Every structure is written in structure tokens, then in C-alpha cells.
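The block underneath contains the structure these notes are about, expressed in C-alpha cells.
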Amino acid sequence: MACLSLSQLQKFQEDGFLVLEGFFSADECVAMQQRIGEIVAKMDVPVHCRTEFSTQEEEQLRAQFSCHKEPPVVSNPGACDSDGSTDYFLSSGDKIRFFFEKGVFDKKGNFLVPPEKSINKIGHALHAHDPVFKRVTHSPKVQALARSLGLQMPMVVQSMYIFKQPRFGGEGGVSRRMVRAPAGSAPGTCFLGSEPARDNSLFVPTPVQRGALVLIHGEVVHRSEQNLSNRSRQAYTFHLMEASGTIWSPENWLQPTAELPFPPLYT
């Protein structure tokens, strides 16, 4: 079991994050990497759905303009394209779909790099549709961890397998939210709030080993630095939401569907 100790719980409450080394076994890590390799090997994404992923507002706005000029390349999730695949990102919450790094396609949507080196992330329902990731997400130790955090009825909101490719980078924060834009708008997402200038010295590097679980509170500002190595930095991530007494905002870009309501971690 993986219940947090009192000292671990206190540290998580004080810092907003906690590193649990060795949470997943070597066999579990191998199983996830092998399975994601099989999924990527069978990847067949139509040209008009080859979406370069970005959560940067200025890049989405540039893409909104460019997708009218040089279809069918779609440069951000939810942006327009001439073949009617505007919902590829917005309707990915209950599917397994592929999102790509910037600069990996030519103007016709053909790969400029090997396809397996082009992926930014795969989401957003690995936990629901793939048996390997479902087994990991709903494992007894994850359930025990959620209980020790006081989550009464947690739901698995989304899951992603992230490829931090060499030379690509990104960061995140909580001072703004990417939400669904009004119906008929392009791009299909917009932002509430703004990203303030931050003192980079306040971000503390936290190295982790293979098999570690990084537990992050939803209100903690965090970032992931550029990968300067020659190997992809891969991670499986899933989001848990407290379902007891809470309401899922209709503004959130990801919405549950009749086909896949948010699955409970435990009952």
C-alpha cells in the first residue's frame, strides 16, 4: 500500500508537491513504455488532424491566422482547418489521440522527423481505454494514496503520456486557464487570466528517478525545463478530481461525455 506518512502529508501540505521515489516498480515502467511504443507504432493520424500542441496564447493566435492561409496544417488544439477537424483536440477527452511538437511537419503536413520522435503527448483517456494504463491508474497503491490525501470520491479526469523531446520545452501555471471558446470561434480555446513574469530563481529543481511519482497540488505553479539531453524524457500523468460536493466547470476545455463519464478511482 502507499498511504502517506504524517510527515509526508505535512510536507505535501506545506510545499504543494511531494516526490515519492520507487512508487512504480521497474516492471510497471517497462510495461508502460512497451505499451506506448506499440500505440505509437500503430499511429495513423490523418494529415488534417496532425495537431502541433501549444498552450501559449500568442502561438494559438498566430495559428488562428495561419490556418486560414495554408491549410490543412493545424498548429494548435481546437484551431480551424478546411477539412472540418476543428474538434480533434476538444473532443479528445474520451479518446486516445496524438499531439505533436512544433516544427515537425512541412506545409503539406508530412513528417520532417521520424514519427516516433514527433510526439508531444498522447491523451487524454489512456486510463479508460488501455488496459496497461488502466491497471496502473486504478492500482491499489494509487487508491491508497488518494485516500490518505482525504479524497472521498476521486474521479480520473484525464491521463496523458508525455514525451519531453530533446530541444523542446514548456511550462505551466495557475494564474490563467485555457477554456473552451464560444461556439463557432477559432481557435476553439481561449485564456482566462494572464501569465505574470516570474522569478526563475524561485523554481527549485527536483530531480527524480525512474519509477518515481511526483504528486502536485492543482494550485501549485510548476514548470518543466527544456530537455537538453539526447533522449526523450517520458512520463505518464493523470489528474484526480474530488467528486464529493464539487461541480465540474462547464468552461473547462475537457468535458465528460455520455460515452465516457469521468471514471471513479474507487467506489
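We label chains A, B, ... in the order they appear in the C-alpha cells, count residues from 1 in each chain, and number ligands from 1 in the order shown.
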
Could you list, with a cut-off of 12 Å and counting only C-alpha atoms, the residues of region 133-210 of chain A near region 17-25 of chain A, each shown with its nearest atom pair and the distance in Å rounded to one decimal, rows sorted by chain and ascending number, as a tab-separated table?
```
residue	atom	partner	partner_atom	distance
A:Arg135	CA	A:Phe24	CA	12.0
A:Val136	CA	A:Phe24	CA	8.7
A:Thr137	CA	A:Phe24	CA	10.8
A:Ser139	CA	A:Phe24	CA	10.3
A:Pro140	CA	A:Phe24	CA	11.8
A:Lys141	CA	A:Phe23	CA	8.5
A:Val142	CA	A:Phe23	CA	9.2
A:Leu145	CA	A:Phe23	CA	10.4
A:Leu149	CA	A:Leu18	CA	11.8
A:Val204	CA	A:Phe17	CA	11.5
A:Pro205	CA	A:Val19	CA	11.9
A:Thr206	CA	A:Val19	CA	8.4
A:Pro207	CA	A:Val19	CA	9.2
A:Val208	CA	A:Glu21	CA	7.2
A:Gln209	CA	A:Glu21	CA	6.8
A:Arg210	CA	A:Gly22	CA	7.5
```

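Of the residues listed (A:Gly123, A:Gly218, A:Gly193, A:Gly211), A:Gly193 shows the shortest atom-to-atom separation from Met178 (chain A); distances use only C-alpha atoms.
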
Check the DSSP output for the backbone and give back, as JSON, numbers by chain, the residues of region 87-149 of chain A in strand (DSSP E or B). {"A": [96, 97, 98, 99, 100, 105, 111, 119, 120, 121, 122, 123, 124, 125]}

Could you pull out the residues in region 111-258 of chain A that DSSP calls alpha helix (DSSP H) from the backbone, as a ChimeraX atom specification? /A:126-129,131-137,140-148

C-alpha atoms of the current selection, written as a PDB file, in the first residue's frame:
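Printed below is out.pdb as written:
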```pdb
ATOM      1  CA  LEU A 126      -5.360   6.217 -21.654  1.00  0.00           C
ATOM      2  CA  HIS A 127      -6.662   5.413 -18.162  1.00  0.00           C
ATOM      3  CA  ALA A 128     -10.024   4.368 -19.614  1.00  0.00           C
ATOM      4  CA  HIS A 129      -9.216   2.623 -22.879  1.00  0.00           C
ATOM      5  CA  PRO A 131      -5.581  -1.992 -20.071  1.00  0.00           C
ATOM      6  CA  VAL A 132      -1.953  -1.313 -19.109  1.00  0.00           C
ATOM      7  CA  PHE A 133      -2.579   2.309 -18.145  1.00  0.00           C
ATOM      8  CA  LYS A 134      -5.947   1.490 -16.592  1.00  0.00           C
ATOM      9  CA  ARG A 135      -4.252  -1.087 -14.358  1.00  0.00           C
ATOM     10  CA  VAL A 136      -1.599   1.425 -13.280  1.00  0.00           C
ATOM     11  CA  THR A 137      -4.048   4.282 -12.675  1.00  0.00           C
ATOM     12  CA  PRO A 140      -4.433  -0.396  -5.017  1.00  0.00           C
ATOM     13  CA  LYS A 141      -1.440   1.787  -4.169  1.00  0.00           C
ATOM     14  CA  VAL A 142      -2.831   4.755  -6.147  1.00  0.00           C
ATOM     15  CA  GLN A 143      -6.190   4.259  -4.415  1.00  0.00           C
ATOM     16  CA  ALA A 144      -4.463   4.164  -1.017  1.00  0.00           C
ATOM     17  CA  LEU A 145      -2.531   7.325  -1.851  1.00  0.00           C
ATOM     18  CA  ALA A 146      -5.745   9.143  -2.813  1.00  0.00           C
ATOM     19  CA  ARG A 147      -7.430   8.058   0.406  1.00  0.00           C
ATOM     20  CA  SER A 148      -4.506   9.263   2.501  1.00  0.00           C
TER      21      SER A 148
END
```
